[in-house]
Every structure is written in structure tokens, then in C-alpha cells.
$ cat start-v6.cif   # mmCIF, C-alpha atoms
data_model
loop_
_atom_site.label_atom_id
_atom_site.label_comp_id
_atom_site.auth_asym_id
_atom_site.auth_seq_id
_atom_site.Cartn_x
_atom_site.Cartn_y
_atom_site.Cartn_z
CA MET A 123 4.04 -20.45 -1.23
CA GLU A 124 1.44 -22.89 0.09
CA HIS A 125 -2.22 -22.27 -0.76
CA SER A 126 -3.02 -21.40 2.85
CA GLU A 127 -0.33 -18.73 3.00
CA GLN A 128 -1.10 -15.18 2.04
CA ILE A 129 1.22 -12.25 1.59
CA SER A 130 0.22 -9.24 3.69
CA VAL A 131 -0.04 -6.13 1.52
CA GLY A 132 -0.33 -2.49 2.53
CA VAL A 133 -1.85 0.16 0.28
CA VAL A 134 -0.67 3.76 0.55
CA GLY A 135 -3.35 6.17 -0.64
CA THR A 136 -7.07 5.47 -0.35
CA GLY A 137 -8.37 7.69 -3.15
CA GLY A 138 -9.54 6.36 -6.51
CA MET A 139 -6.66 4.07 -7.50
CA GLY A 140 -5.76 3.10 -3.94
CA SER A 141 -9.34 2.04 -3.24
CA ILE A 142 -9.39 -0.11 -6.38
CA HIS A 143 -6.12 -1.80 -5.40
CA ALA A 144 -7.32 -2.38 -1.83
CA GLU A 145 -10.68 -3.81 -2.90
CA ASN A 146 -8.99 -6.07 -5.48
CA LEU A 147 -6.49 -7.33 -2.90
CA HIS A 148 -9.34 -7.99 -0.49
CA SER A 149 -11.65 -9.85 -2.85
CA ARG A 150 -9.92 -10.86 -6.07
CA VAL A 151 -6.25 -11.65 -5.51
CA SER A 152 -5.67 -15.14 -4.19
CA GLY A 153 -2.55 -15.41 -2.12
CA ALA A 154 -2.80 -11.82 -0.88
CA ARG A 155 -4.41 -10.19 2.13
CA LEU A 156 -5.02 -6.49 2.59
CA ALA A 157 -3.16 -5.92 5.84
CA ALA A 158 -3.09 -2.13 6.06
CA VAL A 159 -4.03 1.13 4.40
CA ALA A 160 -2.51 4.58 4.84
CA ASP A 161 -3.84 8.01 4.01
CA VAL A 162 -3.60 11.49 5.52
CA ASN A 163 -7.41 11.45 5.32
CA ALA A 164 -7.99 9.14 8.30
CA SER A 165 -11.76 9.00 7.83
CA ARG A 166 -11.46 7.85 4.20
CA ALA A 167 -8.80 5.29 5.14
CA LYS A 168 -10.93 3.91 7.98
CA LYS A 169 -13.99 3.53 5.73
CA LEU A 170 -11.95 1.66 3.13
CA ALA A 171 -10.41 -0.60 5.79
CA GLU A 172 -13.89 -1.43 7.09
CA ARG A 173 -15.14 -2.29 3.57
CA CYS A 174 -12.15 -4.57 3.08
CA GLY A 175 -12.19 -6.59 6.30
CA SER A 176 -9.99 -5.61 9.18
CA ALA A 177 -7.01 -3.82 7.65
CA ALA A 178 -4.93 -1.67 9.98
CA VAL A 179 -5.18 2.08 9.35
CA PHE A 180 -2.18 4.44 9.27
CA GLN A 181 -2.08 8.19 8.66
CA ASP A 182 1.68 8.03 8.01
CA ALA A 183 2.70 6.08 4.90
CA VAL A 184 6.25 5.52 6.16
CA GLU A 185 4.90 3.90 9.34
CA LEU A 186 2.86 1.49 7.19
CA ILE A 187 5.91 0.69 5.06
CA ARG A 188 8.07 0.08 8.14
CA ASP A 189 5.46 -2.09 9.89
CA ASP A 190 6.76 -5.66 10.15
CA SER A 191 3.31 -7.13 9.45
CA VAL A 192 3.29 -5.54 5.97
CA GLU A 193 5.23 -7.72 3.52
CA ALA A 194 4.59 -5.80 0.28
CA VAL A 195 3.31 -2.33 -0.59
CA VAL A 196 1.18 -0.71 -3.27
CA ILE A 197 1.79 3.02 -3.60
CA ALA A 198 -1.20 4.98 -4.91
CA SER A 199 -0.66 8.24 -3.06
CA PRO A 200 -0.17 11.65 -4.74
CA SER A 201 2.50 11.59 -7.44
CA ALA A 202 4.94 13.82 -5.58
CA THR A 203 5.25 11.17 -2.84
CA HIS A 204 5.95 8.21 -5.13
CA ALA A 205 9.75 8.32 -5.39
CA GLY A 206 10.43 8.72 -1.66
CA LEU A 207 7.96 6.04 -0.60
CA THR A 208 9.19 3.61 -3.27
CA LEU A 209 12.79 4.16 -2.15
CA GLU A 210 11.79 3.44 1.46
CA CYS A 211 10.24 0.12 0.37
CA LEU A 212 13.35 -0.78 -1.60
CA ARG A 213 15.60 0.20 1.31
CA LEU A 214 13.69 -2.28 3.49
CA GLY A 215 13.67 -4.98 0.81
CA LYS A 216 9.88 -4.94 0.50
CA PRO A 217 8.30 -5.65 -2.88
CA VAL A 218 6.54 -2.53 -4.14
CA LEU A 219 4.12 -1.67 -6.92
CA CYS A 220 4.07 2.06 -7.58
CA GLU A 221 1.35 3.74 -9.59
CA LYS A 222 2.57 6.03 -12.35
CA PRO A 223 4.42 8.28 -12.44
CA LEU A 224 7.30 6.73 -10.55
CA ALA A 225 8.76 10.18 -9.89
CA ASP A 226 8.40 13.85 -10.83
CA SER A 227 11.56 13.82 -12.95
CA ALA A 228 13.76 11.42 -14.88
CA ASP A 229 16.61 12.06 -12.42
CA ASP A 230 14.40 11.11 -9.45
CA ALA A 231 13.21 8.01 -11.28
CA LEU A 232 16.80 6.89 -11.81
#
$ encode --input "start-v6.cif" --output "C-alpha cells"
Amino acid sequence: MEHSEQISVGVVGTGGMGSIHAENLHSRVSGARLAAVADVNASRAKKLAERCGSAAVFQDAVELIRDDSVEAVVIASPSATHAGLTLECLRLGKPVLCEKPLADSADDAL
């Protein structure tokens, strides 16, 4: 990757951990750009996007994951959503970082 290139990252979940990830991507991670945020709480997502530049805002996490402008995803949504959203990223071949827990059960994690 050249220095001028940045990977476009989407963050799912704009609560405590999601906000930290988004703000770090925006201001501390060279080579990355916060491209989008998703949260069912549209107002919270919009405020975070405004603090972090001009990230797109989604209410539907799957729409963010499927958006072609998002190259990698951080999942920081409620735990019960982790496995399904991570699998959608993997299905599309998108790199994904999922906050713990990965799933609600060992079987789902496998």
C-alpha cells in the first residue's frame, strides 16, 4: 500500500467501544479512513460521523457491510449480533475485527 492510499473502514455500533474505534480510525490510524458508521440509533451514529469527518451513516449494519466503498469492518454492536455480522463480512471477503465475544456460544463461534 502506498502512503497516499487509505483503506476505507466501516464501524458497526456507535456506543462506547464503537465510538472509540471510530475516533481512533479517524485520528490515530495511518493508512485507514473512517468511511461509514452504522447504528440503529441514527442520531448517535450521525453525531459520531460528524465528529469524525464525513463518514456515511447507516441504520442497517448489513447495508454498511455490503457497501462497496467499505473495504474492512469493525464490529462493536451488541454481542448477540456479532456472529451473523462477522459471517457476512467473511462471506464477502472483507477483513473484519469483531469485539468480544465473537458469538453467544462455542458452536456459533465455530
$ resolve_selection --input "start-v6.cif" --expression "the PyMOL selection byres ((chain A and resi 196) around 10)" --output "list in words"
Val131, Gly132, Val133, Val134, Gly135, Gly140, His143, Ala144, Val159, Ile187, Ala194, Val195, Ile197, Ala198, Ser199, Leu207, Thr208, Cys211, Pro217, Val218, Leu219, Cys220 and Glu221 of chain A
$ resolve_selection --input "start-v6.cif" --expression "the PyMOL selection byres ((chain A and resi 164-170) around 12)" --output "PDB file with C-alpha atoms, in the frame of the given file"
ATOM      1  CA  GLY A 132      -0.330  -2.490   2.530  1.00  0.00           C
ATOM      2  CA  VAL A 133      -1.850   0.160   0.280  1.00  0.00           C
ATOM      3  CA  VAL A 134      -0.670   3.760   0.550  1.00  0.00           C
ATOM      4  CA  GLY A 135      -3.350   6.170  -0.640  1.00  0.00           C
ATOM      5  CA  THR A 136      -7.070   5.470  -0.350  1.00  0.00           C
ATOM      6  CA  GLY A 137      -8.370   7.690  -3.150  1.00  0.00           C
ATOM      7  CA  GLY A 138      -9.540   6.360  -6.510  1.00  0.00           C
ATOM      8  CA  GLY A 140      -5.760   3.100  -3.940  1.00  0.00           C
ATOM      9  CA  SER A 141      -9.340   2.040  -3.240  1.00  0.00           C
ATOM     10  CA  ILE A 142      -9.390  -0.110  -6.380  1.00  0.00           C
ATOM     11  CA  HIS A 143      -6.120  -1.800  -5.400  1.00  0.00           C
ATOM     12  CA  ALA A 144      -7.320  -2.380  -1.830  1.00  0.00           C
ATOM     13  CA  GLU A 145     -10.680  -3.810  -2.900  1.00  0.00           C
ATOM     14  CA  ASN A 146      -8.990  -6.070  -5.480  1.00  0.00           C
ATOM     15  CA  HIS A 148      -9.340  -7.990  -0.490  1.00  0.00           C
ATOM     16  CA  LEU A 156      -5.020  -6.490   2.590  1.00  0.00           C
ATOM     17  CA  ALA A 157      -3.160  -5.920   5.840  1.00  0.00           C
ATOM     18  CA  ALA A 158      -3.090  -2.130   6.060  1.00  0.00           C
ATOM     19  CA  VAL A 159      -4.030   1.130   4.400  1.00  0.00           C
ATOM     20  CA  ALA A 160      -2.510   4.580   4.840  1.00  0.00           C
ATOM     21  CA  ASP A 161      -3.840   8.010   4.010  1.00  0.00           C
ATOM     22  CA  VAL A 162      -3.600  11.490   5.520  1.00  0.00           C
ATOM     23  CA  ASN A 163      -7.410  11.450   5.320  1.00  0.00           C
ATOM     24  CA  ALA A 171     -10.410  -0.600   5.790  1.00  0.00           C
ATOM     25  CA  GLU A 172     -13.890  -1.430   7.090  1.00  0.00           C
ATOM     26  CA  ARG A 173     -15.140  -2.290   3.570  1.00  0.00           C
ATOM     27  CA  CYS A 174     -12.150  -4.570   3.080  1.00  0.00           C
ATOM     28  CA  GLY A 175     -12.190  -6.590   6.300  1.00  0.00           C
ATOM     29  CA  SER A 176      -9.990  -5.610   9.180  1.00  0.00           C
ATOM     30  CA  ALA A 177      -7.010  -3.820   7.650  1.00  0.00           C
ATOM     31  CA  ALA A 178      -4.930  -1.670   9.980  1.00  0.00           C
ATOM     32  CA  VAL A 179      -5.180   2.080   9.350  1.00  0.00           C
ATOM     33  CA  PHE A 180      -2.180   4.440   9.270  1.00  0.00           C
ATOM     34  CA  GLN A 181      -2.080   8.190   8.660  1.00  0.00           C
ATOM     35  CA  ASP A 182       1.680   8.030   8.010  1.00  0.00           C
ATOM     36  CA  ALA A 183       2.700   6.080   4.900  1.00  0.00           C
ATOM     37  CA  SER A 199      -0.660   8.240  -3.060  1.00  0.00           C
TER      38      SER A 199
END
$ residues_around --input "start-v6.cif" --residues "Asp230 in chain A" --least-positions-apart "2" --cutoff "10 Å" --atoms "only C-alpha atoms" --output "PyMOL selection string"
chain A and resi 204-206+224-228+232
$ atom_distance --input "start-v6.cif" --atom1 "CA of Glu185 in chain A" --atom2 "CA of Ala231 in chain A"
22.6 Å
$ atom_distance --input "start-v6.cif" --atom1 "CA of Ile129 in chain A" --atom2 "CA of Leu212 in chain A"
17.0 Å
$ residues_near_point --input "start-v6.cif" --point "(9.1, -0.7, 6.6)" --cutoff "8 Å" --atoms "only C-alpha atoms" --output "PDB file with C-alpha atoms, keeping the file's coordinate frame"
ATOM      1  CA  VAL A 184       6.250   5.520   6.160  1.00  0.00           C
ATOM      2  CA  GLU A 185       4.900   3.900   9.340  1.00  0.00           C
ATOM      3  CA  LEU A 186       2.860   1.490   7.190  1.00  0.00           C
ATOM      4  CA  ILE A 187       5.910   0.690   5.060  1.00  0.00           C
ATOM      5  CA  ARG A 188       8.070   0.080   8.140  1.00  0.00           C
ATOM      6  CA  ASP A 189       5.460  -2.090   9.890  1.00  0.00           C
ATOM      7  CA  ASP A 190       6.760  -5.660  10.150  1.00  0.00           C
ATOM      8  CA  VAL A 192       3.290  -5.540   5.970  1.00  0.00           C
ATOM      9  CA  GLU A 210      11.790   3.440   1.460  1.00  0.00           C
ATOM     10  CA  CYS A 211      10.240   0.120   0.370  1.00  0.00           C
ATOM     11  CA  LEU A 214      13.690  -2.280   3.490  1.00  0.00           C
ATOM     12  CA  LYS A 216       9.880  -4.940   0.500  1.00  0.00           C
TER      13      LYS A 216
END
$ decode --input "start-v6.cif" --residues "range 177-204 of chain A" --atoms "C-alpha atoms" --output "tab-separated table (two decimals), in the first residue's frame"
chain	number	residue	atom	x	y	z
A	177	ALA	CA	-18.39	9.22	7.35
A	178	ALA	CA	-21.55	7.82	5.76
A	179	VAL	CA	-24.29	6.85	8.22
A	180	PHE	CA	-26.28	3.61	8.04
A	181	GLN	CA	-29.05	2.34	10.32
A	182	ASP	CA	-28.66	-1.19	8.90
A	183	ALA	CA	-25.33	-2.88	9.66
A	184	VAL	CA	-25.68	-5.34	6.76
A	185	GLU	CA	-26.10	-2.44	4.31
A	186	LEU	CA	-22.83	-0.94	5.62
A	187	ILE	CA	-21.06	-4.29	5.28
A	188	ARG	CA	-22.36	-4.77	1.72
A	189	ASP	CA	-21.47	-1.22	0.62
A	190	ASP	CA	-18.70	-1.37	-1.99
A	191	SER	CA	-16.98	1.73	-0.57
A	192	VAL	CA	-16.34	-0.08	2.73
A	193	GLU	CA	-13.22	-2.24	2.45
A	194	ALA	CA	-12.97	-3.50	6.06
A	195	VAL	CA	-15.31	-3.60	9.05
A	196	VAL	CA	-15.08	-3.24	12.81
A	197	ILE	CA	-18.00	-4.83	14.65
A	198	ALA	CA	-18.78	-3.23	18.01
A	199	SER	CA	-22.54	-3.76	18.07
A	200	PRO	CA	-24.43	-5.72	20.76
A	201	SER	CA	-22.94	-9.16	21.39
A	202	ALA	CA	-25.90	-11.09	20.00
A	203	THR	CA	-25.26	-9.57	16.56
A	204	HIS	CA	-21.55	-10.39	16.37
